[in-house]
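One file, model11.txt, is given below (compact mmCIF, C-alpha atoms).
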# COMPACT_ATOMS: atom_id res chain seq x y z
CA MET A 1 130.04 150.97 69.32
CA LEU A 2 130.42 147.70 67.46
CA THR A 3 132.59 146.29 70.20
CA ARG A 4 130.03 147.26 72.83
CA ASN A 5 127.25 145.51 70.88
CA ARG A 6 129.40 142.41 70.58
CA ILE A 7 130.00 142.42 74.33
CA LEU A 8 126.26 142.76 75.04
CA PHE A 9 125.48 139.92 72.64
CA ALA A 10 128.08 137.71 74.29
CA VAL A 11 126.62 138.45 77.72
CA VAL A 12 123.10 137.53 76.55
CA VAL A 13 124.32 134.28 74.98
CA LEU A 14 126.25 133.41 78.13
CA ALA A 15 123.21 134.08 80.33
CA ALA A 16 121.01 131.92 78.11
CA GLY A 17 123.58 129.15 78.19
CA LEU A 18 123.76 129.25 81.97
CA ALA A 19 119.97 129.11 82.20
CA VAL A 20 119.81 126.05 79.92
CA ALA A 21 122.60 124.38 81.89
CA ALA A 22 120.76 125.02 85.17
CA LEU A 23 117.55 123.50 83.80
CA SER A 24 119.42 120.48 82.50
CA ALA A 25 121.09 119.93 85.85
CA LYS A 26 117.71 119.98 87.61
CA GLY A 27 116.40 117.31 85.27
CA PRO A 28 112.75 116.88 84.22
CA PRO A 29 110.06 118.47 86.39
CA PRO A 30 108.87 116.20 89.23
CA ARG A 31 105.89 114.00 88.42
CA LYS A 32 102.68 115.06 90.11
CA LEU A 33 101.96 112.43 92.74
CA THR A 34 98.75 113.83 94.24
CA HIS A 35 95.65 115.41 92.77
CA ALA A 36 93.17 117.84 94.29
CA VAL A 37 89.71 116.50 95.07
CA ASP A 38 86.66 118.65 95.76
CA ALA A 39 82.89 118.50 95.82
CA LYS A 40 82.66 120.02 92.34
CA SER A 41 84.65 117.24 90.70
CA HIS A 42 83.22 114.50 92.91
CA GLY A 43 79.88 113.98 94.59
CA GLN A 44 79.02 114.29 98.25
CA VAL A 45 77.11 112.11 100.65
CA LYS A 46 75.29 113.37 103.73
CA PRO A 47 76.15 111.86 107.13
CA THR A 48 72.61 110.52 107.62
CA GLN A 49 72.71 108.82 104.23
CA LEU A 50 76.08 107.22 104.98
CA ALA A 51 74.67 106.07 108.32
CA SER A 52 71.82 104.32 106.48
CA TRP A 53 74.25 102.49 104.17
CA LEU A 54 76.30 101.32 107.15
CA ILE A 55 73.22 100.15 109.07
CA GLU A 56 72.05 98.21 106.03
CA GLY A 57 75.44 96.50 105.85
CA ARG A 58 76.19 97.43 102.27
CA ARG A 59 79.52 96.07 101.07
CA ASP A 60 80.17 97.92 97.85
CA PHE A 61 81.84 100.99 99.37
CA THR A 62 84.72 101.78 101.68
CA VAL A 63 84.98 104.71 104.12
CA ILE A 64 88.39 106.39 104.37
CA ASP A 65 89.32 108.76 107.20
CA LEU A 66 91.89 111.34 106.03
CA ARG A 67 92.57 112.80 109.48
CA ALA A 68 95.67 112.31 111.61
CA PRO A 69 95.99 108.91 113.33
CA ASP A 70 95.52 110.50 116.78
CA ASP A 71 92.20 112.05 115.72
CA PHE A 72 91.15 108.75 114.17
CA GLY A 73 91.97 106.98 117.43
CA ARG A 74 89.72 109.33 119.40
CA GLY A 75 86.73 108.56 117.20
CA HIS A 76 85.79 107.79 113.62
CA VAL A 77 82.97 106.60 111.39
CA ARG A 78 82.30 102.93 112.10
CA GLY A 79 84.22 100.70 109.70
CA ALA A 80 86.41 103.53 108.37
CA VAL A 81 90.11 103.00 107.75
CA ASN A 82 92.72 105.67 108.37
CA CYS A 83 94.44 107.02 105.25
CA GLY A 84 97.69 105.38 106.36
CA HIS A 85 96.16 102.02 105.44
CA CYS A 86 95.27 103.01 101.87
CA HIS A 87 97.48 101.83 99.05
CA ALA A 88 98.33 103.98 96.06
CA ASN A 89 99.49 101.26 93.63
CA ALA A 90 99.35 97.54 92.98
CA ALA A 91 102.56 96.76 94.88
CA GLU A 92 101.31 98.51 98.01
CA GLY A 93 97.97 96.78 97.56
CA ARG A 94 99.59 93.33 97.53
CA ALA A 95 101.54 94.21 100.67
CA ALA A 96 98.34 95.42 102.34
CA VAL A 97 96.57 92.16 101.50
CA GLU A 98 99.41 90.18 103.11
CA LYS A 99 99.18 92.29 106.28
CA GLY A 100 95.39 92.20 106.36
CA ASP A 101 95.04 95.98 105.91
CA PHE A 102 93.35 96.28 102.55
CA VAL A 103 91.21 98.95 100.94
CA ASP A 104 89.49 97.60 97.86
CA LEU A 105 89.87 100.43 95.36
CA SER A 106 87.41 98.79 92.96
CA LYS A 107 84.65 99.79 95.38
CA LYS A 108 83.00 103.15 95.78
CA LEU A 109 84.98 105.32 98.17
CA VAL A 110 83.68 107.74 100.78
CA VAL A 111 86.44 109.97 102.17
CA TYR A 112 86.23 112.54 104.92
CA THR A 113 88.32 115.15 106.71
CA ALA A 114 87.74 116.89 110.04
CA THR A 115 85.24 119.51 108.85
CA GLY A 116 84.88 118.89 105.11
CA LYS A 117 86.56 122.25 104.43
CA GLU A 118 90.17 121.08 104.41
CA PRO A 119 91.90 120.77 101.00
CA VAL A 120 92.09 117.15 99.90
CA GLU A 121 95.04 115.80 97.91
CA LEU A 122 94.92 112.12 97.00
CA PRO A 123 97.05 109.72 94.95
CA LYS A 124 95.97 109.45 91.33
CA VAL A 125 94.42 105.99 91.81
CA LEU A 126 92.09 107.46 94.44
CA ALA A 127 91.51 110.94 93.03
CA GLN A 128 90.48 109.62 89.62
CA ASN A 129 88.06 107.02 90.96
CA PRO A 130 84.76 108.02 89.30
CA ASN A 131 82.84 106.69 92.30
CA LEU A 132 84.67 108.71 94.95
CA LEU A 133 82.46 110.73 97.28
CA LEU A 134 83.20 113.28 100.00
CA LEU A 135 81.37 113.17 103.31
CA GLU A 136 79.52 116.48 103.54
CA GLY A 137 80.76 118.42 106.56
CA GLY A 138 83.40 115.83 107.44
CA TYR A 139 83.62 114.09 110.80
CA GLN A 140 82.30 117.20 112.54
CA ALA A 141 79.00 116.83 110.69
CA TRP A 142 78.96 113.10 111.48
CA GLN A 143 79.20 113.94 115.17
CA GLU A 144 76.51 116.62 114.95
CA GLN A 145 74.01 114.76 112.77
CA VAL A 146 74.54 111.13 113.77
CA LEU A 147 76.27 110.92 117.16
CA ALA A 148 74.76 113.91 119.00
CA LYS A 149 72.40 113.18 121.90
CA VAL A 150 68.73 113.62 121.02
CA SER A 151 66.54 115.73 123.28
CA PHE A 152 62.85 114.94 123.67
CA GLU A 153 62.21 117.74 126.16
CA GLY A 154 59.03 119.69 125.46
CA VAL A 155 58.12 117.64 122.37
CA THR A 156 54.54 116.37 122.38
CA ASP A 157 53.71 115.96 118.70
CA PRO A 158 53.54 112.19 118.00
CA GLU A 159 55.05 112.50 114.53
CA ARG A 160 57.97 114.57 115.80
CA LEU A 161 58.46 112.19 118.74
CA ASN A 162 58.65 109.26 116.34
CA GLU A 163 61.18 111.10 114.18
CA LEU A 164 63.35 111.84 117.22
CA ALA A 165 63.07 108.25 118.45
CA ARG A 166 64.35 106.95 115.12
CA LYS A 167 67.20 109.47 115.22
CA GLU A 168 68.07 108.35 118.76
CA ALA A 169 68.03 104.72 117.60
CA VAL A 170 70.61 105.57 114.93
CA ARG A 171 72.76 107.45 117.44
CA ALA A 172 72.65 104.55 119.89
CA TYR A 173 73.50 102.07 117.10
CA PHE A 174 76.74 103.86 116.25
CA ALA A 175 77.57 104.71 119.86
CA GLY A 176 77.06 101.08 120.90
CA GLU A 177 74.45 102.05 123.46
CA ARG A 178 70.81 101.36 124.20
CA PRO A 179 68.45 104.12 123.03
CA SER A 180 67.67 106.55 125.85
CA SER A 181 64.07 106.86 124.64
CA ALA A 182 61.30 104.35 124.17
CA PRO A 183 62.33 101.52 121.79
CA ALA A 184 62.47 102.73 118.21
CA VAL A 185 63.00 100.92 114.94
CA LEU A 186 66.02 101.95 112.90
CA PRO A 187 65.06 103.90 109.75
CA THR A 188 66.66 101.24 107.56
CA ALA A 189 66.87 97.47 107.86
CA PRO A 190 70.05 95.41 107.35
CA ILE A 191 70.35 93.64 104.02
CA ARG A 192 69.61 89.94 104.43
CA ARG A 193 72.01 87.53 102.75
CA ASP A 194 71.78 83.76 102.52
CA ASN A 195 75.56 83.58 102.22
CA ALA A 196 77.57 85.85 104.53
CA HIS A 197 80.41 85.89 101.98
CA LYS A 198 78.29 86.67 98.98
CA PRO A 199 79.68 89.69 97.03
CA ALA A 200 77.79 92.96 97.21
CA ALA A 201 75.09 93.46 94.62
CA ALA A 202 75.33 96.23 92.05
CA ARG A 203 72.25 97.89 93.51
CA GLU A 204 73.99 98.55 96.81
CA GLY A 205 75.78 101.68 97.94
CA CYS A 206 76.37 105.06 96.46

Have the structure of the file written as structure tokens, please.
Amino acid sequence: MLTRNRILFAVVVLAAGLAVAALSAKGPPPRKLTHAVDAKSHGQVKPTQLASWLIEGRRDFTVIDLRAPDDFGRGHVRGAVNCGHCHANAAEGRAAVEKGDFVDLSKKLVVYTATGKEPVELPKVLAQNPNLLLLEGGYQAWQEQVLAKVSFEGVTDPERLNELARKEAVRAYFAGERPSSAPAVLPTAPIRRDNAHKPAAAREGC
């Protein structure tokens, strides 16, 4: 009986030793390179609100498109950069400046996916930006709320017609077209600057 107990003890010790050796061979656990981002941990911005910021010409935020390059090529929010141009550290940032592809991470960031429902994993420097916002509904919502054609058919109420005309003016602005309705004033006016290179004011943006 004693011999049997000794054998069992030896087997347990051997198994534990093998487990420790296996862990040592694997080395330390890999460092987490990306972090989950969601609407609960970061704020959201509606497509119409983002459209207003872009029309005004605010400079204190950057729009980042997280979709595949092919999708980006077929259409994207005006002024957005594809995620492939974003840098995750200072070294990549310096390289981006030299190439002319630079995302200023000191600015507020608006990121978007295809529908706003896809899981978002970002490098730490992006994910922990306290001013990072998600575009509500993603690019799909941008298309539906900003780029979709506006119908005036059957509308006679002057107030509603004015609302639709302003919406059509926004659509035409981002589509690079002339409004299909009677001339309408954009709902927001561009920010006037005496110096075109003057830094953005703190009051601008998100």

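Counting from atom CA of Ala169 of chain A, the distance to atom CA of Leu186 of chain A is 5.8 Å.
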
For this session: With a distance cut-off of 7 Å and all atoms listed in the file, select the neighbouring residues of segment 106-117 of chain A, excluding the residue or stretch itself and same-chain residues fewer than 3 positions from it, and output the selection as a list in words.
Result: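 Here the answer would be Asp60, Phe61, Thr62, Val63, Ile64, Asp65, Leu66, Arg67, Asn131, Leu132, Leu133, Leu134, Leu135, Glu136, Gly137, Gly138, Tyr139, Gln140 and Cys206 of chain A.
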
Taking C-alpha atoms for each residue, export the selection above as a PDB file, in the frame of the given file.
ATOM      1  CA  ASP A  60      80.170  97.920  97.850  1.00  0.00           C
ATOM      2  CA  PHE A  61      81.840 100.990  99.370  1.00  0.00           C
ATOM      3  CA  THR A  62      84.720 101.780 101.680  1.00  0.00           C
ATOM      4  CA  VAL A  63      84.980 104.710 104.120  1.00  0.00           C
ATOM      5  CA  ILE A  64      88.390 106.390 104.370  1.00  0.00           C
ATOM      6  CA  ASP A  65      89.320 108.760 107.200  1.00  0.00           C
ATOM      7  CA  LEU A  66      91.890 111.340 106.030  1.00  0.00           C
ATOM      8  CA  ARG A  67      92.570 112.800 109.480  1.00  0.00           C
ATOM      9  CA  ASN A 131      82.840 106.690  92.300  1.00  0.00           C
ATOM     10  CA  LEU A 132      84.670 108.710  94.950  1.00  0.00           C
ATOM     11  CA  LEU A 133      82.460 110.730  97.280  1.00  0.00           C
ATOM     12  CA  LEU A 134      83.200 113.280 100.000  1.00  0.00           C
ATOM     13  CA  LEU A 135      81.370 113.170 103.310  1.00  0.00           C
ATOM     14  CA  GLU A 136      79.520 116.480 103.540  1.00  0.00           C
ATOM     15  CA  GLY A 137      80.760 118.420 106.560  1.00  0.00           C
ATOM     16  CA  GLY A 138      83.400 115.830 107.440  1.00  0.00           C
ATOM     17  CA  TYR A 139      83.620 114.090 110.800  1.00  0.00           C
ATOM     18  CA  GLN A 140      82.300 117.200 112.540  1.00  0.00           C
ATOM     19  CA  CYS A 206      76.370 105.060  96.460  1.00  0.00           C
TER      20      CYS A 206
END

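Distances from A:Val120, A:Ser41, A:Ala80, A:Arg171 to Gln143 of chain A were compared using all atoms listed in the file, and the smallest one belongs to A:Arg171.
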
For this session: Identify which of the residues A:Pro69, A:Tyr173, A:Ser151, A:Pro190 lies closest to Val81 of chain A, counting all atoms listed in the file when measuring atom-to-atom distances.
Result: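 For Val81 of chain A, the nearest of the candidates is A:Pro69.
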
For this session: Name the closest residue to Ala172 of chain A among the candidates A:Glu121, A:Asp104, A:Val185, A:Ala141; distances are taken between atoms, counting all atoms listed in the file.
Result: A:Val185

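Checking A:Gln145, A:Glu177, A:Leu54, A:Pro187 one by one against Glu163 of chain A, counting all atoms listed in the file, you find the shortest gap at A:Pro187.
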
Exercise. Which one is closest to Gly43 of chain A: A:Pro179, A:Gly79, A:Asn129, A:Asp157? Count all atoms listed in the file.
Worked result: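 Closest to Gly43 of chain A of all the choices is A:Asn129.
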
For this session: Mind giving me the straight-line distance from atom CA of Pro123 of chain A to atom CA of Ser52 of chain A in Å, one decimal?
Result: 28.3 Å

For this session: Determine the nearest neighbour of His76 of chain A from the options A:Arg166, A:Leu161, A:Arg178, A:Val146, counting only C-alpha atoms.
Result: A:Val146

Problem set entry | Separation of atom CA of Glu118 of chain A from atom CA of Thr48 of chain A, in Å and rounded to one decimal |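 If I compute the distance from atom CA of Glu118 of chain A to atom CA of Thr48 of chain A, I get 20.7 Å.
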
Problem set entry | Exercise: residues within 12 Å of coordinate (92.8, 108.0, 89.3), counting all atoms listed in the file, as a count of residues only | 21
